[in-house]
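As provided, query-v3.cif (mmCIF, C-alpha atoms and all ligand atoms) reads as follows.
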```cif
data_work
loop_
_atom_site.label_atom_id
_atom_site.label_comp_id
_atom_site.auth_asym_id
_atom_site.auth_seq_id
_atom_site.Cartn_x
_atom_site.Cartn_y
_atom_site.Cartn_z
CA MET A 30 0.00 0.00 0.00
CA GLY A 31 1.42 3.38 -1.03
CA LEU A 32 1.80 6.15 1.52
CA ARG A 33 -0.95 8.20 -0.13
CA THR A 34 -3.48 5.35 -0.03
CA PHE A 35 -2.48 4.59 3.55
CA LEU A 36 -3.06 8.21 4.66
CA LEU A 37 -6.37 8.50 2.78
CA ASP A 38 -7.52 5.28 4.41
CA LYS A 39 -6.57 6.58 7.87
CA ILE A 40 -8.33 9.92 7.29
CA GLN A 41 -11.48 8.14 6.16
CA LYS A 42 -11.50 5.93 9.26
CA VAL A 43 -11.02 8.87 11.63
CA THR A 44 -13.79 10.82 9.88
CA GLU A 45 -16.16 7.89 10.22
CA ILE A 46 -15.47 7.52 13.94
CA LYS A 47 -15.99 11.28 14.41
CA LYS A 48 -19.26 11.09 12.44
CA ARG A 49 -20.51 8.24 14.60
CA GLU A 50 -19.64 10.17 17.78
CA ILE A 51 -21.49 13.25 16.55
CA GLN A 52 -24.51 11.20 15.56
CA LYS A 53 -24.66 9.60 18.98
CA ASP A 54 -24.74 13.12 20.38
CA VAL A 55 -27.34 14.43 17.93
CA TRP A 56 -29.88 11.59 17.93
CA VAL A 57 -31.84 10.23 20.87
CA LYS A 58 -33.92 7.06 20.88
CA CYS A 59 -37.21 7.26 22.82
CA ASP A 60 -37.37 4.84 25.77
CA LYS A 61 -41.07 4.26 25.14
CA CYS A 62 -41.85 4.19 21.39
CA GLY A 63 -38.31 3.64 20.09
CA GLU A 64 -38.57 6.54 17.63
CA VAL A 65 -35.24 8.28 16.96
CA SER A 66 -35.38 12.09 17.11
CA TYR A 67 -33.03 15.05 17.02
CA LYS A 68 -31.74 15.84 20.49
CA ASP A 69 -32.48 19.50 19.71
CA ASP A 70 -36.13 18.75 18.86
CA ILE A 71 -36.54 16.82 22.11
CA GLN A 72 -35.02 19.64 24.14
CA LYS A 73 -37.17 22.27 22.44
CA ASN A 74 -40.15 20.05 23.24
CA TYR A 75 -39.49 20.31 27.02
CA ASN A 76 -37.46 17.09 26.90
CA THR A 77 -40.38 15.00 25.66
CA CYS A 78 -40.60 12.67 22.66
CA PRO A 79 -42.04 14.54 19.63
CA SER A 80 -43.88 11.43 18.42
CA CYS A 81 -45.35 9.84 21.58
CA ASN A 82 -45.00 12.56 24.26
CA TYR A 83 -42.86 10.33 26.51
CA HIS A 84 -41.39 12.55 29.23
CA PHE A 85 -37.63 12.04 29.51
CA LYS A 86 -36.08 12.41 32.96
CA VAL A 87 -34.83 15.92 33.67
CA SER A 88 -33.09 17.51 36.66
CA ALA A 89 -34.72 19.51 39.45
CA ILE A 90 -33.40 22.82 38.18
CA GLU A 91 -34.63 22.11 34.63
CA LYS A 92 -38.14 21.49 35.97
CA ILE A 93 -38.02 24.73 37.98
CA ASN A 94 -36.86 26.63 34.88
CA MET A 95 -39.75 25.21 32.82
CA ILE A 96 -42.13 27.02 35.17
CA LEU A 97 -40.41 30.25 36.24
CA ASP A 98 -39.62 33.32 34.14
CA PRO A 99 -36.05 32.94 32.83
CA GLY A 100 -33.37 34.10 35.25
CA THR A 101 -35.72 34.86 38.15
CA PHE A 102 -34.95 31.85 40.38
CA VAL A 103 -33.22 32.71 43.66
CA GLU A 104 -32.13 29.67 45.66
CA ILE A 105 -32.43 29.58 49.45
CA ASP A 106 -30.89 27.26 52.07
CA ALA A 107 -28.47 25.82 49.50
CA ASN A 108 -25.80 25.20 52.14
CA LEU A 109 -27.83 22.90 54.45
CA LYS A 110 -26.00 19.58 54.74
CA SER A 111 -26.81 16.20 56.25
CA LEU A 112 -25.19 15.04 59.48
CA ASP A 113 -24.99 11.37 60.42
CA PRO A 114 -26.72 11.23 63.82
CA LEU A 115 -27.13 7.44 63.74
CA GLY A 116 -23.56 6.64 62.59
CA PHE A 117 -25.19 4.59 59.83
CA LYS A 118 -23.26 2.16 57.67
CA ASP A 119 -24.42 -0.35 55.05
CA SER A 120 -22.07 -1.26 52.19
CA LYS A 121 -20.64 2.21 52.72
CA ARG A 122 -20.59 4.72 55.59
CA TYR A 123 -23.45 7.25 55.26
CA VAL A 124 -21.03 10.18 55.67
CA ASP A 125 -18.96 8.86 52.76
CA ARG A 126 -22.07 8.28 50.65
CA ILE A 127 -23.19 11.87 51.24
CA ARG A 128 -19.72 13.26 50.52
CA ASP A 129 -19.44 11.31 47.22
CA THR A 130 -22.97 12.27 46.13
CA VAL A 131 -22.35 15.96 46.88
CA LYS A 132 -19.21 15.75 44.75
CA LYS A 133 -21.02 13.93 41.91
CA THR A 134 -24.13 16.13 41.77
CA GLY A 135 -22.72 19.51 42.83
CA ILE A 136 -25.61 20.07 45.26
CA ASN A 137 -25.77 19.51 49.03
CA ASP A 138 -28.98 17.46 49.26
CA ALA A 139 -31.91 16.09 47.24
CA PHE A 140 -34.17 19.18 47.29
CA ILE A 141 -33.60 22.56 45.62
CA SER A 142 -35.76 25.42 46.89
CA GLY A 143 -36.21 29.14 46.43
CA TYR A 144 -38.45 31.72 44.81
CA GLY A 145 -39.00 33.44 41.48
CA THR A 146 -41.78 34.69 39.24
CA ILE A 147 -44.31 33.24 36.79
CA TYR A 148 -45.30 35.93 34.28
CA LYS A 149 -44.10 38.40 36.93
CA LYS A 150 -46.21 36.79 39.69
CA PRO A 151 -43.94 35.94 42.66
CA VAL A 152 -44.05 32.36 43.93
CA HIS A 153 -42.08 29.98 46.17
CA ILE A 154 -40.95 26.77 44.50
CA GLY A 155 -38.93 23.64 45.28
CA ALA A 156 -38.02 20.46 43.40
CA PHE A 157 -36.51 17.06 44.14
CA GLU A 158 -33.25 16.02 42.50
CA PHE A 159 -33.53 12.28 41.86
CA SER A 160 -29.82 11.82 41.12
CA PHE A 161 -29.11 12.69 44.77
CA LEU A 162 -29.68 9.33 46.54
CA GLY A 163 -32.91 8.65 44.65
CA GLY A 164 -34.46 11.95 45.72
CA SER A 165 -34.84 10.51 49.21
CA MET A 166 -36.24 12.64 52.05
CA GLY A 167 -34.03 12.88 55.13
CA SER A 168 -33.69 15.64 57.76
CA VAL A 169 -32.25 18.18 55.32
CA VAL A 170 -34.92 17.70 52.66
CA GLY A 171 -37.68 17.90 55.28
CA GLU A 172 -36.13 21.00 56.81
CA LYS A 173 -35.76 22.67 53.39
CA ILE A 174 -39.40 21.97 52.46
CA THR A 175 -40.54 23.33 55.84
CA ARG A 176 -38.39 26.46 55.52
CA LEU A 177 -39.68 26.97 51.95
CA ILE A 178 -43.26 26.91 53.25
CA GLU A 179 -42.44 29.19 56.21
CA SER A 180 -40.67 31.65 53.94
CA ALA A 181 -43.70 31.59 51.60
CA ILE A 182 -45.96 32.39 54.56
CA SER A 183 -43.89 35.41 55.63
CA ASN A 184 -43.81 36.68 52.03
CA ARG A 185 -47.49 35.84 51.38
CA HIS A 186 -46.64 33.66 48.37
CA HIS A 187 -48.21 30.43 47.16
CA VAL A 188 -46.00 27.33 47.09
CA ILE A 189 -45.20 24.92 44.26
CA THR A 190 -43.47 21.61 44.99
CA ILE A 191 -42.20 19.25 42.28
CA SER A 192 -41.74 15.74 43.62
CA CYS A 193 -39.51 13.00 42.25
CA SER A 194 -38.53 10.64 45.02
CA GLY A 195 -38.04 7.08 46.16
CA GLY A 196 -39.42 8.08 49.59
CA ALA A 197 -37.91 8.47 53.04
CA ARG A 198 -34.11 8.11 53.36
CA MET A 199 -33.45 4.85 55.21
CA GLN A 200 -29.98 5.93 56.39
CA GLU A 201 -31.67 8.43 58.72
CA SER A 202 -34.40 6.01 59.81
CA ILE A 203 -36.98 7.55 62.17
CA LEU A 204 -35.57 11.04 61.59
CA SER A 205 -36.61 10.72 57.93
CA LEU A 206 -40.08 9.52 58.87
CA MET A 207 -40.49 12.53 61.18
CA GLN A 208 -40.17 14.80 58.13
CA MET A 209 -43.54 13.52 56.94
CA ALA A 210 -45.27 15.00 59.98
CA LYS A 211 -43.13 18.15 59.95
CA THR A 212 -43.81 19.05 56.30
CA SER A 213 -47.51 18.22 56.68
CA ALA A 214 -47.79 20.49 59.74
CA ALA A 215 -46.08 23.32 57.83
CA LEU A 216 -48.63 22.95 55.02
CA LYS A 217 -51.47 23.22 57.53
CA LYS A 218 -50.06 26.60 58.59
CA LEU A 219 -49.86 27.65 54.94
CA SER A 220 -53.48 26.67 54.44
CA ASN A 221 -54.54 28.57 57.61
CA GLU A 222 -52.99 31.67 56.01
CA GLY A 223 -55.17 31.21 52.92
CA LEU A 224 -52.19 30.35 50.73
CA ALA A 225 -52.14 27.52 48.21
CA HIS A 226 -49.87 24.54 47.66
CA ILE A 227 -49.66 23.27 44.08
CA SER A 228 -48.09 19.82 44.00
CA ILE A 229 -46.53 18.48 40.81
CA LEU A 230 -45.93 14.74 40.75
CA THR A 231 -43.20 13.54 38.38
CA ASP A 232 -41.77 10.12 37.63
CA PRO A 233 -41.34 8.50 40.15
CA THR A 234 -43.08 9.86 43.27
CA THR A 235 -43.28 7.15 45.91
CA GLY A 236 -43.01 6.20 49.59
CA GLY A 237 -42.98 8.76 52.40
CA VAL A 238 -43.08 11.68 49.98
CA THR A 239 -46.38 10.51 48.45
CA ALA A 240 -47.60 9.67 51.95
CA SER A 241 -47.05 13.23 53.18
CA PHE A 242 -46.83 16.71 51.62
CA ALA A 243 -46.89 15.58 47.93
CA MET A 244 -50.50 14.42 48.31
CA LEU A 245 -51.47 17.44 50.42
CA GLY A 246 -51.71 19.88 47.52
CA ASP A 247 -54.69 22.14 46.93
CA VAL A 248 -54.14 21.05 43.33
CA HIS A 249 -52.29 17.94 42.14
CA ILE A 250 -50.74 18.03 38.69
CA ALA A 251 -49.13 14.82 37.40
CA GLU A 252 -46.63 14.33 34.61
CA PRO A 253 -47.98 11.98 31.86
CA GLY A 254 -47.06 8.34 32.44
CA ALA A 255 -45.44 8.97 35.84
CA LEU A 256 -45.34 6.29 38.52
CA VAL A 257 -47.06 7.69 41.60
CA GLY A 258 -47.74 5.47 44.59
CA PHE A 259 -46.72 4.44 48.08
CA ALA A 260 -45.41 0.85 48.00
CA GLY A 261 -44.40 -0.79 44.72
CA PRO A 262 -46.91 -2.97 42.82
CA ARG A 263 -45.09 -6.24 43.63
CA VAL A 264 -45.26 -5.64 47.38
CA ILE A 265 -48.96 -4.76 47.15
CA GLU A 266 -49.75 -7.85 45.05
CA GLN A 267 -48.01 -10.08 47.58
CA THR A 268 -49.82 -8.44 50.48
CA ILE A 269 -53.38 -8.44 49.15
CA ARG A 270 -52.91 -11.59 47.00
CA GLN A 271 -54.81 -10.10 44.08
CA LYS A 272 -53.87 -9.15 40.55
CA LEU A 273 -53.56 -5.36 40.19
CA PRO A 274 -55.53 -3.56 37.46
CA GLU A 275 -53.93 -2.41 34.20
CA GLY A 276 -52.08 0.92 34.48
CA PHE A 277 -52.10 0.80 38.30
CA GLN A 278 -50.11 3.68 39.94
CA THR A 279 -49.76 5.73 36.75
CA SER A 280 -50.77 9.40 36.54
CA GLU A 281 -53.65 8.53 34.22
CA PHE A 282 -54.97 5.83 36.55
CA LEU A 283 -54.81 8.25 39.50
CA LEU A 284 -56.69 10.88 37.49
CA GLN A 285 -59.47 8.38 36.74
CA HIS A 286 -59.71 7.52 40.43
CA GLY A 287 -59.70 11.08 41.75
CA MET A 288 -56.24 11.19 43.35
CA VAL A 289 -54.87 13.85 40.98
CA ASP A 290 -56.66 16.81 39.39
CA MET A 291 -54.92 16.92 36.02
CA VAL A 292 -52.30 15.17 33.93
CA LEU A 293 -50.35 17.84 32.08
CA HIS A 294 -47.61 17.85 29.44
CA ARG A 295 -44.65 19.90 30.71
CA ARG A 296 -45.31 22.55 28.07
CA GLU A 297 -48.64 23.32 29.79
CA TRP A 298 -47.26 23.62 33.33
CA LYS A 299 -46.38 27.31 33.34
CA ASP A 300 -49.62 28.68 31.83
CA THR A 301 -51.84 26.39 33.90
CA ILE A 302 -50.06 27.25 37.15
CA TYR A 303 -50.31 30.94 36.31
CA LYS A 304 -54.09 30.56 35.89
CA LEU A 305 -54.30 28.67 39.19
CA LEU A 306 -52.33 31.42 40.96
CA GLU A 307 -54.77 34.00 39.53
CA PHE A 308 -57.63 31.86 40.81
CA PHE A 309 -56.14 31.57 44.31
CA GLY A 310 -55.51 35.34 44.31
ZN ZN B 401 -41.60 8.23 21.96
#
```
Would you write out, as structure tokens, the structure that this file holds?
Amino acid sequence: MGLRTFLLDKIQKVTEIKKREIQKDVWVKCDKCGEVSYKDDIQKNYNTCPSCNYHFKVSAIEKINMILDPGTFVEIDANLKSLDPLGFKDSKRYVDRIRDTVKKTGINDAFISGYGTIYKKPVHIGAFEFSFLGGSMGSVVGEKITRLIESAISNRHHVITISCSGGARMQESILSLMQMAKTSAALKKLSNEGLAHISILTDPTTGGVTASFAMLGDVHIAEPGALVGFAGPRVIEQTIRQKLPEGFQTSEFLLQHGMVDMVLHRREWKDTIYKLLEFFG
């Protein structure tokens, strides 16, 4: 093989590898319908599939930004960090698990909270970050939700929570379970002040989060196709020894059975919430 042919061959191979890398970056296959779409089109479509409306997983801050006016979010309590009061250890020490997760995610715990505006209307808002230990609720998450509600009360704002959680954080045991009562009590105070709580349920919302403040909204909005429930379907089937109905624990099933008020595509969140805020005054 001559030098020229050799070089041309090499260049062609490198170009092909580059092309493949770019394509992997440009195209995304839908987890639900399998349709391949432009990454750009998916992002412009609020990270949903253009052909079947499947809602791809997005981070807490992305969900907040889908609702608030651009650049208006001000975070509060960002520096609250978990202690390890029980000295818990499973396959890893809890302190090490927290330290590694903080490093990986760049946030201090599984809930981001603050305030901002929706078409210039001020509102308090918080969202779960699932990549932080499965969006589990321990002392810090419970404290941040409670402070968010208390801050909303002193500013006379309504509150929006966006849940995405595996439930209570087992590494903090009873202290995690206590957050259910604490956040629920805070919401009672909010309600006594005539202020509203709009709860958005995204995939998945389960365990102690569903069993407390997430289901204590004045309005419940669910993401299409989201899993929303307390215990998983397998555990329930084993307990009641009955086959569960089709679509059990999905947003649509909960809408049919009166547990949520609406199932909304992400693109409708902002306008609908604005109308609700107008209604609540
Ligand atoms: Zn799809």
Counting all atoms listed in the file, the option among A:Ser111, A:Ile93, A:Ile191, A:Tyr123 closest to Gly145 (chain A):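 The closest residue to Gly145 (chain A) is A:Ile93.
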Taking all atoms listed in the file into account, which of A:Ser220, A:Asn82, A:Thr190, A:Thr175 comes nearest ligand ZN 401 (chain B)?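 Nearest to ligand ZN 401 (chain B): A:Asn82.
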Report, in Å with one decimal, the straight-line distance from CA of Lys304 (chain A) to CA of Lys149 (chain A).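 So the answer is 12.7 Å.
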Of the residues A:Gly171, A:Gly31, A:Pro151, A:Gly254, which is the one nearest to Met209 (chain A), using all atoms listed in the file? A:Gly171
Return as a ChimeraX atom specification the residues of protein, DNA or RNA that approach ligand ZN 401 (chain B) to within 7 Å, with all atoms listed in the file taken into account. /A:59-64,78-83
Kindly save the residues from that selection, with C-alpha atoms included, as a short mmCIF file (atom, residue, chain, number, x, y, z; two decimals), in the coordinates of the input.
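Just written: part-v6.cif:
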```cif
data_model
loop_
_atom_site.label_atom_id
_atom_site.label_comp_id
_atom_site.auth_asym_id
_atom_site.auth_seq_id
_atom_site.Cartn_x
_atom_site.Cartn_y
_atom_site.Cartn_z
CA CYS A 59 -37.21 7.26 22.82
CA ASP A 60 -37.37 4.84 25.77
CA LYS A 61 -41.07 4.26 25.14
CA CYS A 62 -41.85 4.19 21.39
CA GLY A 63 -38.31 3.64 20.09
CA GLU A 64 -38.57 6.54 17.63
CA CYS A 78 -40.60 12.67 22.66
CA PRO A 79 -42.04 14.54 19.63
CA SER A 80 -43.88 11.43 18.42
CA CYS A 81 -45.35 9.84 21.58
CA ASN A 82 -45.00 12.56 24.26
CA TYR A 83 -42.86 10.33 26.51
#
```
Contacts of Ile141 (chain A) at 10 Å (all atoms listed in the file; same-chain gap of 6+ positions) as a VMD selection string: chain A and resid 89 to 90 93 104 to 107 154 to 158 170 173 to 174 177 190 to 191
Can you list, as a list in words, every protein, DNA or RNA residue that comes within 10 Å of Thr239 (chain A) when you count all atoms listed in the file, leaving out same-chain residues fewer than 2 positions away?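 Once the adjacent positions are removed, what remains is Ser192, Cys193, Ser194, Gly195, Gly196, Ala197, Met209, Leu230, Pro233, Thr234, Thr235, Gly236, Gly237, Ser241, Phe242, Ala243, Met244, Leu245, Val257, Gly258, Phe259 and Ala260 of chain A.
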Rounded to one decimal place, report the CA of Tyr75 (chain A)-CA of Lys92 (chain A) distance in Å.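 Computing the Euclidean distance for CA of Tyr75 (chain A) and CA of Lys92 (chain A) yields 9.1 Å.
The coordinates place CA of Gly246 (chain A) at 23.2 Å from CA of Leu204 (chain A).
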Within-12 Å shell of (-40.8, 32.5, 39.6) in input frame, all atoms listed in the file, as a PDB file with C-alpha atoms, in the frame of the given file:
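After the write, result.pdb holds the following:
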```pdb
ATOM      1  CA  LYS A  92     -38.140  21.490  35.970  1.00  0.00           C
ATOM      2  CA  ILE A  93     -38.020  24.730  37.980  1.00  0.00           C
ATOM      3  CA  ASN A  94     -36.860  26.630  34.880  1.00  0.00           C
ATOM      4  CA  MET A  95     -39.750  25.210  32.820  1.00  0.00           C
ATOM      5  CA  ILE A  96     -42.130  27.020  35.170  1.00  0.00           C
ATOM      6  CA  LEU A  97     -40.410  30.250  36.240  1.00  0.00           C
ATOM      7  CA  ASP A  98     -39.620  33.320  34.140  1.00  0.00           C
ATOM      8  CA  PRO A  99     -36.050  32.940  32.830  1.00  0.00           C
ATOM      9  CA  GLY A 100     -33.370  34.100  35.250  1.00  0.00           C
ATOM     10  CA  THR A 101     -35.720  34.860  38.150  1.00  0.00           C
ATOM     11  CA  PHE A 102     -34.950  31.850  40.380  1.00  0.00           C
ATOM     12  CA  VAL A 103     -33.220  32.710  43.660  1.00  0.00           C
ATOM     13  CA  GLU A 104     -32.130  29.670  45.660  1.00  0.00           C
ATOM     14  CA  SER A 142     -35.760  25.420  46.890  1.00  0.00           C
ATOM     15  CA  GLY A 143     -36.210  29.140  46.430  1.00  0.00           C
ATOM     16  CA  TYR A 144     -38.450  31.720  44.810  1.00  0.00           C
ATOM     17  CA  GLY A 145     -39.000  33.440  41.480  1.00  0.00           C
ATOM     18  CA  THR A 146     -41.780  34.690  39.240  1.00  0.00           C
ATOM     19  CA  ILE A 147     -44.310  33.240  36.790  1.00  0.00           C
ATOM     20  CA  TYR A 148     -45.300  35.930  34.280  1.00  0.00           C
ATOM     21  CA  LYS A 149     -44.100  38.400  36.930  1.00  0.00           C
ATOM     22  CA  LYS A 150     -46.210  36.790  39.690  1.00  0.00           C
ATOM     23  CA  PRO A 151     -43.940  35.940  42.660  1.00  0.00           C
ATOM     24  CA  VAL A 152     -44.050  32.360  43.930  1.00  0.00           C
ATOM     25  CA  HIS A 153     -42.080  29.980  46.170  1.00  0.00           C
ATOM     26  CA  ILE A 154     -40.950  26.770  44.500  1.00  0.00           C
ATOM     27  CA  GLY A 155     -38.930  23.640  45.280  1.00  0.00           C
ATOM     28  CA  HIS A 186     -46.640  33.660  48.370  1.00  0.00           C
ATOM     29  CA  HIS A 187     -48.210  30.430  47.160  1.00  0.00           C
ATOM     30  CA  VAL A 188     -46.000  27.330  47.090  1.00  0.00           C
ATOM     31  CA  ILE A 189     -45.200  24.920  44.260  1.00  0.00           C
ATOM     32  CA  LYS A 299     -46.380  27.310  33.340  1.00  0.00           C
ATOM     33  CA  ILE A 302     -50.060  27.250  37.150  1.00  0.00           C
ATOM     34  CA  TYR A 303     -50.310  30.940  36.310  1.00  0.00           C
ATOM     35  CA  LEU A 306     -52.330  31.420  40.960  1.00  0.00           C
TER      36      LEU A 306
END
```
Selected residue, from A:Met199, A:Leu109, A:Leu115, A:Leu284, that lies nearest to Glu172 (chain A) when counting all atoms listed in the file: A:Leu109
Find the residue from A:Val57, A:Leu283, A:Leu293, A:Leu219 that sits nearest to Ser183 (chain A); use all atoms listed in the file when measuring.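 Going through A:Val57, A:Leu283, A:Leu293, A:Leu219 one by one, the smallest distance to Ser183 (chain A) is for A:Leu219.
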Would you mind telling me which residue in A:Lys121, A:Arg263, A:His226, A:Arg128 lies nearest to Asp247 (chain A) when using all atoms listed in the file?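 Among the listed residues, the smallest separation from Asp247 (chain A) belongs to A:His226.
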8 Å contact set for Gln200 (chain A), only C-alpha atoms, chain neighbours under 2 positions out, as a list of chain:residue names: A:Phe117, A:Lys118, A:Tyr123, A:Arg198, A:Ser202
Any idea what's packed within 12 Å of Ile127 (chain A), counting all atoms listed in the file, ignoring anything in its chain fewer than 6 positions away? Could you give it as a list in words? Lys110, Ser111, Leu112, Asp113, Phe117, Lys118, Lys121, Lys133, Thr134, Gly135, Ile136, Asn137, Asp138, Ala139, Phe161, Leu162, Ser165, Gly167, Val169, Arg198, Gln200 and Glu201 of chain A
With all atoms listed in the file as the counted atoms, please give the residues lying no more than 7 Å from Val292 (chain A), apart from itself and same-chain residues fewer than 6 positions off, as a list in words.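 My list of contacting residues is Ile250, Ala251, Glu252, Pro253, Ser280 and Glu281 of chain A.
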For the residues in the current selection, export C-alpha atoms as a PDB file, in the frame of the given file.
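Below you can see part30.pdb, which holds the result:
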```
ATOM      1  CA  ILE A 250     -50.740  18.030  38.690  1.00  0.00           C
ATOM      2  CA  ALA A 251     -49.130  14.820  37.400  1.00  0.00           C
ATOM      3  CA  GLU A 252     -46.630  14.330  34.610  1.00  0.00           C
ATOM      4  CA  PRO A 253     -47.980  11.980  31.860  1.00  0.00           C
ATOM      5  CA  SER A 280     -50.770   9.400  36.540  1.00  0.00           C
ATOM      6  CA  GLU A 281     -53.650   8.530  34.220  1.00  0.00           C
TER       7      GLU A 281
END
```
